[in-house]
Amino acid sequence: MSEEEAVQDGLAELEALPGGARAALEAVLMVIDQPATSEELAAGLNVTVAVVEDLLEDLQREYSGYTVKAPDVDAVGFAVASTAPRGFELRNVAGGWRIYSRSDFADIVGRFVLEGQTTRLTQAALETLAVIAYRQPVSRARVSAIRGVNVDSVVRTLTQRGLIEDSGTDPESGAVLYRTTSYFLERMGIGSVAELPQLSPHLPGLEGIDEYYDASRM
Amino acid sequence: MSEEEAVQDGLAELEALPGGARAALEAVLMVIDQPATSEELAAGLNVTVAVVEDLLEDLQREYSGYTVKAPDVDAVGFAVASTAPRGFELRNVAGGWRIYSRSDFADIVGRFVLEGQTTRLTQAALETLAVIAYRQPVSRARVSAIRGVNVDSVVRTLTQRGLIEDSGTDPESGAVLYRTTSYFLERMGIGSVAELPQLSPHLPGLEGIDEYYDASRM
Amino acid sequence: MGPSLAPASEAIAERGTPDAETSAAPKAGFEVRLANFTGPFDLLLGLISKHKLDITEVALATITDEFIKYIRRLQELGEDWALDEASEFLVIAATLLDLKAARLLPAGEVEDAEDIALLEARDLLFARLLQYKAFKQIAGIMGETLEQEAMRYPRQVALEAHFAALLPELVWRHTPEQFGELAAKALKPKDSTPEQVGLGHLHAPPVSVKEQAGIIGYRLKLGAPLSFQTLIADAETTLVMVARFLALLEMFRDRVIAFEQPGPLAELTVRWTGDDAEWDSSRLSEEYEASINE
């Protein structure tokens with residue numbers, strides 16, 4: 001089977017799913033955090049870049065409220081007619097595609113976002129930040145093991161606050177590693193993480209702490 | 001202006017925007033990173049909870065591929081007809097609303113979203129989680145008595161995964177009590193623990209077993 | 001049970017592929033699934049379902065030998081069992097043996113306390129087994145639900161930059177030193193939450209016989225004979241009372257006091273007879289110290 005045929009097959013497979021290839025693409029776009037290029041999307045969906053680009057433009061138009069009738073997908077028997085724009089839009093920014101809230105609603109969304117925010121970090125966030133600061137680069141699973149609780153949402157908050165950032169992936173586990181940012185240093189009033197106070201040497205086995213956690217929990 | 005009028009105004013304001021209140025709600029749903037209650041959404045949009053709940057159900061149906069024509073928004077001049085399900089769905093889980101990719105596309109989406117997927121729980125972890133879910137708040141000793149084995153390390157794992165949490169101590173024994181988290185509800189796709197399957201059909205004629213246990217073991 | 005023992009239970013559970021419903025137990029026999037049971041109840045249920053038996057005393061009698069064989073096999077395989085885990089298996093094995101030995105046929109009247117105890121043990125075992133079975137089934141359902149649900153991915157994307165920019169500036173009050181302290185606290189291995197409930201409060205605080213002898217000696221040396229009632233009138237607890245009584249015996253042996261009791265059950269009067277200067281409660285023997293304090 002040639003590569004072309006394989007890709008054709010991929011499309012047929014997608015069209016068999018409820019909502020077809022469009023819905024499959026939507027599913028991906030809805031949950032990815034980082035913008036994805038059409039090449040990446042094509043590879044993930046196992047279709048050609050041309051097909052993905054058609055679908056992307058199609059979705060983009062639909063979200064913006066044009067009436068859309070996609071000829072490719074017509075074959076599997078559905079038609080989409082939409083006259084009102086959705087609350088979200090599909091944008092191609094810096095070479096990658098991602099779904100954003102529509103700018104018309106920026107005020108409302110902004111108000112909503114602000115409402116739930118406090119100006120202080122919770123104790124859980126502070127402790128997580130402390131662990132990351134002293135153990136960076138470090139994965140969430142690791143921080144979670146050290147703190148004994150799930151830290152996913154706290155890590156998101158800290159990232160959102162610009163205090164920590166993604167610093168690549170662990171070559172072994174493939175997990176995202178986090179480190180503190182220069183904004184963090186700024187807030188701490190120090191020039192580099194080396195200036196963070198030394199942890200007291202009599203703290204039981206800080207050197208051996210890795211083994212302790214690894215052995216008993218991971 | 002009475003509060004009622006203010007809320008009316010809020011709705012009128014939203015309807016003036018392209019796509020109306022539905023689109024505004026969609027825009028907000030695009031930026032939440034954890035389930036939002038209808039109260040929070042209503043407050044953010046400045047409309048009543050009833051209005052938001054109508055809109056939410058409307059969107060939910062539409063995403064699932066039913067033909068939807070919302071009478072309220074008809075006034076501002078748009079009609080929505082959709083016969084194919086979208087790639088995502090709107091769900092009310094753990095007491096809040098949130099957008100999820102549709103499960104049909106799990107394989108495809110999984111290629112893009114590496115993180116956030118928890119590995120499968122072991123049989124031991126599942127059983128421990130089940131006992132805690134149905135007996136919460138409950139001490140480890142109690143869970144251990146029901147399972148017949150020590151559960152310390154499994155409880156630690158479940159805590160780290162964010163599925164259970166410390167809920168204070170038993171006033172009598174001083175033992176730490178555990179309960180399930182809202183993250184657990186999210187992972188189970190339910191709104192509250194009351195929605196868990198009934199235990200009684202699996203426990204023929206053992207209604208009094210708790211007392212039996214307590215008297216003899218604890 | 002220290003943290004070092006804990007991982008073993010997980011290890012046993014995780015070594016094999018998680019077994020599905022016990023009712024669908026593979027025909028392969030339990031040898032190949034040696035390490036797959038998550039506990040004694042799981043094993044028991046596994047054996048019962050393997051023999052297609054109901055959970056009755058017949059089932060228990062039938063599988064007792066196999067249960068015990070299983071434990072032996074694990075030993076032979078050099079399975080490194082955590083003590084507390086092994087003991088759970090052993091407790092159940094012992095109960096099973098008891099039940100088997102008694103044949104458990106309460107055909108006639110229940111005759112003695114031993115029979116009743118055995119019946120209770122049997123009922124308790126059934127009750128626990130059935131309860132465990134229910135939770136195991138529920139765990140299976142939950143596992144399927146979790147797996148189904150894992151096919152849906154929530155949208156949890158980072159806040160768009162222009163919204164993030166709206167966020168109010170964080171209030172930051174920590175100096176690097178305070179932050180360091182916070183880190184030290186967060187990084188310190190948790191005293192792995194108390195592994196056992198403290199029993200300290202169940203024991204009364206230690207009471208010293210010597211101390212009580214000192215008190216008695218002081219009062220009696222004042223001259224007047226005192227009744228035993230008077231001597232224990234201020235005792236706050238039974239333990240203090242007992243200690244004072246023991247102290248009196250000790251002091252009597254040391255010949256520093258004398259007792260007077262007009263008749264059986266009459267009031268006991270205690271009188272000082274010793275040399276005021278020489279006697280000291282610290283000279284009392286150690287005999288009671290250990291037993292009272294521990």
# chains A, B, ... in the order shown; residues from 1 in each chain; ligands from 1
call {"tool": "interface_residues", "arguments": {"of": "chain C", "to": "chain A", "cutoff": "9 Å", "atoms": "only C-alpha atoms", "output": "number ranges by chain"}}
result
C: 3-4, 6-7, 153-160, 162-164, 166-172, 174-190
call {"tool": "write_last_selection", "arguments": {"atoms": "N, CA and C atoms", "output": "CSV table (one decimal), in the first residue's frame"}}
result
chain,number,residue,atom,x,y,z
C,3,PRO,N,7.1,2.5,57.0
C,3,PRO,CA,7.0,2.7,55.6
C,3,PRO,C,7.7,1.6,54.8
C,4,SER,N,8.8,1.1,55.4
C,4,SER,CA,9.6,0.1,54.6
C,4,SER,C,8.8,-1.2,54.3
C,6,ALA,N,5.5,-1.2,53.8
C,6,ALA,CA,4.3,-0.9,53.0
C,6,ALA,C,4.4,-1.3,51.6
C,7,PRO,N,5.5,-1.0,50.9
C,7,PRO,CA,5.4,-1.2,49.4
C,7,PRO,C,5.2,-2.7,49.0
C,153,TYR,N,-11.1,13.8,27.1
C,153,TYR,CA,-10.1,14.7,27.6
C,153,TYR,C,-10.7,16.1,27.9
C,154,PRO,N,-10.5,16.6,29.1
C,154,PRO,CA,-11.0,17.9,29.4
C,154,PRO,C,-10.3,19.0,28.7
C,155,ARG,N,-11.0,20.1,28.4
C,155,ARG,CA,-10.3,21.2,27.9
C,155,ARG,C,-9.7,21.9,29.1
C,156,GLN,N,-8.4,22.0,29.2
C,156,GLN,CA,-7.8,22.8,30.3
C,156,GLN,C,-6.6,23.5,29.8
C,157,VAL,N,-6.8,24.4,28.8
C,157,VAL,CA,-5.7,25.1,28.2
C,157,VAL,C,-5.4,26.3,29.1
C,158,ALA,N,-4.1,26.7,28.9
C,158,ALA,CA,-3.6,27.9,29.6
C,158,ALA,C,-4.4,29.1,29.2
C,159,LEU,N,-4.5,30.0,30.2
C,159,LEU,CA,-5.3,31.3,29.9
C,159,LEU,C,-4.6,32.0,28.8
C,160,GLU,N,-5.4,32.5,27.8
C,160,GLU,CA,-4.9,33.3,26.7
C,160,GLU,C,-4.1,34.5,27.3
C,162,HIS,N,-3.8,37.6,26.8
C,162,HIS,CA,-4.3,38.9,27.1
C,162,HIS,C,-5.2,38.8,28.3
C,163,PHE,N,-5.7,37.6,28.6
C,163,PHE,CA,-6.5,37.5,29.9
C,163,PHE,C,-5.5,37.3,31.1
C,164,ALA,N,-4.5,36.6,30.8
C,164,ALA,CA,-3.5,36.4,31.9
C,164,ALA,C,-2.9,37.7,32.3
C,166,LEU,N,-4.5,40.4,32.5
C,166,LEU,CA,-5.5,41.1,33.4
C,166,LEU,C,-5.4,40.8,34.8
C,167,LEU,N,-4.8,39.6,35.1
C,167,LEU,CA,-4.8,39.1,36.5
C,167,LEU,C,-4.1,40.1,37.4
C,168,PRO,N,-4.7,40.3,38.6
C,168,PRO,CA,-4.1,41.2,39.5
C,168,PRO,C,-2.7,40.8,39.9
C,169,GLU,N,-1.8,41.7,40.2
C,169,GLU,CA,-0.5,41.4,40.6
C,169,GLU,C,-0.6,40.6,41.9
C,170,LEU,N,0.3,39.6,42.0
C,170,LEU,CA,0.3,38.7,43.1
C,170,LEU,C,0.9,39.5,44.3
C,171,VAL,N,0.2,39.3,45.5
C,171,VAL,CA,0.8,39.8,46.7
C,171,VAL,C,1.9,38.8,47.2
C,172,TRP,N,3.1,39.3,47.3
C,172,TRP,CA,4.2,38.5,47.6
C,172,TRP,C,4.9,39.0,48.9
C,174,HIS,N,7.0,37.0,50.9
C,174,HIS,CA,8.0,36.1,51.4
C,174,HIS,C,9.4,36.6,51.1
C,175,THR,N,10.2,36.7,52.1
C,175,THR,CA,11.7,37.0,51.9
C,175,THR,C,12.3,35.6,51.5
C,176,PRO,N,13.5,35.7,50.8
C,176,PRO,CA,14.1,34.5,50.4
C,176,PRO,C,14.3,33.5,51.6
C,177,GLU,N,14.5,34.1,52.8
C,177,GLU,CA,14.7,33.2,54.0
C,177,GLU,C,13.4,32.5,54.3
C,178,GLN,N,12.3,33.2,54.3
C,178,GLN,CA,11.1,32.6,54.6
C,178,GLN,C,10.7,31.5,53.6
C,179,PHE,N,11.1,31.9,52.3
C,179,PHE,CA,10.8,30.9,51.3
C,179,PHE,C,11.6,29.7,51.5
C,180,GLY,N,12.9,29.9,51.9
C,180,GLY,CA,13.8,28.7,52.2
C,180,GLY,C,13.2,27.8,53.3
C,181,GLU,N,12.6,28.5,54.3
C,181,GLU,CA,12.0,27.7,55.4
C,181,GLU,C,10.9,26.9,54.9
C,182,LEU,N,10.1,27.5,54.0
C,182,LEU,CA,8.9,26.9,53.4
C,182,LEU,C,9.4,25.6,52.6
C,183,ALA,N,10.5,25.8,51.9
C,183,ALA,CA,11.0,24.8,51.1
C,183,ALA,C,11.5,23.6,51.9
C,184,ALA,N,12.2,24.0,53.0
C,184,ALA,CA,12.7,22.9,53.9
C,184,ALA,C,11.5,22.1,54.5
C,185,LYS,N,10.5,22.8,54.8
C,185,LYS,CA,9.3,22.1,55.4
C,185,LYS,C,8.6,21.2,54.3
C,186,ALA,N,8.5,21.8,53.1
C,186,ALA,CA,7.9,21.0,52.0
C,186,ALA,C,8.7,19.8,51.6
C,187,LEU,N,10.0,20.0,51.6
C,187,LEU,CA,10.9,18.9,51.1
C,187,LEU,C,11.2,17.8,52.2
C,188,LYS,N,10.9,18.1,53.4
C,188,LYS,CA,11.2,17.2,54.5
C,188,LYS,C,10.3,15.9,54.3
C,189,PRO,N,11.0,14.8,54.3
C,189,PRO,CA,10.1,13.6,54.2
C,189,PRO,C,9.0,13.6,55.2
C,190,LYS,N,7.8,13.4,54.8
C,190,LYS,CA,6.7,13.4,55.7
C,190,LYS,C,6.9,12.3,56.7
call {"tool": "residues_around", "arguments": {"residues": "region 46-57 of chain B", "least_positions_apart": "2", "cutoff": "8 Å", "atoms": "only C-alpha atoms", "output": "PyMOL selection string"}}
result
chain B and resi 7-8+10-11+21-22+25+38-39+41-44+59-61+90
call {"tool": "closest_residue", "arguments": {"among": "C:Ile216, C:Ser227, C:Ile48, C:Gly39", "to": "Ala266 (chain C)", "atoms": "only C-alpha atoms"}}
result
C:Ser227
call {"tool": "closest_residue", "arguments": {"among": "A:Glu186, A:Asp58, A:Asp152, A:Asp166", "to": "chain B", "atoms": "only C-alpha atoms"}}
result
A:Asp152
call {"tool": "atom_distance", "arguments": {"atom1": "CA of Glu62 (chain B)", "atom2": "CA of Pro18 (chain B)"}}
result
18.1 Å
call {"tool": "residues_around", "arguments": {"residues": "Arg244 (chain C)", "least_positions_apart": "6", "cutoff": "10 Å", "atoms": "only C-alpha atoms", "output": "list in words"}}
result
Val207, Ser208, Val209, Lys210, Glu211, Gln212, Ala213, Gly214, Ile215, Ile216, Phe228, Leu231, Ile232, Ala235, Thr238 and Glu250 of chain C
call {"tool": "closest_residue", "arguments": {"among": "B:Ala94, B:Ala125, B:Ala12, B:Leu163", "to": "chain A", "atoms": "only C-alpha atoms"}}
result
B:Leu163
call {"tool": "select_by_dssp", "arguments": {"residues": "region 144-209 of chain B", "states": "alpha helix (DSSP H)", "output": "VMD selection string"}}
result
chain B and resid 144 to 147 152 to 160 182 to 188 209
call {"tool": "select_by_dssp", "arguments": {"residues": "region 101-288 of chain C", "states": "strand (DSSP E)", "output": "VMD selection string"}}
result
chain C and resid 226 to 227 257 to 260 269 to 272
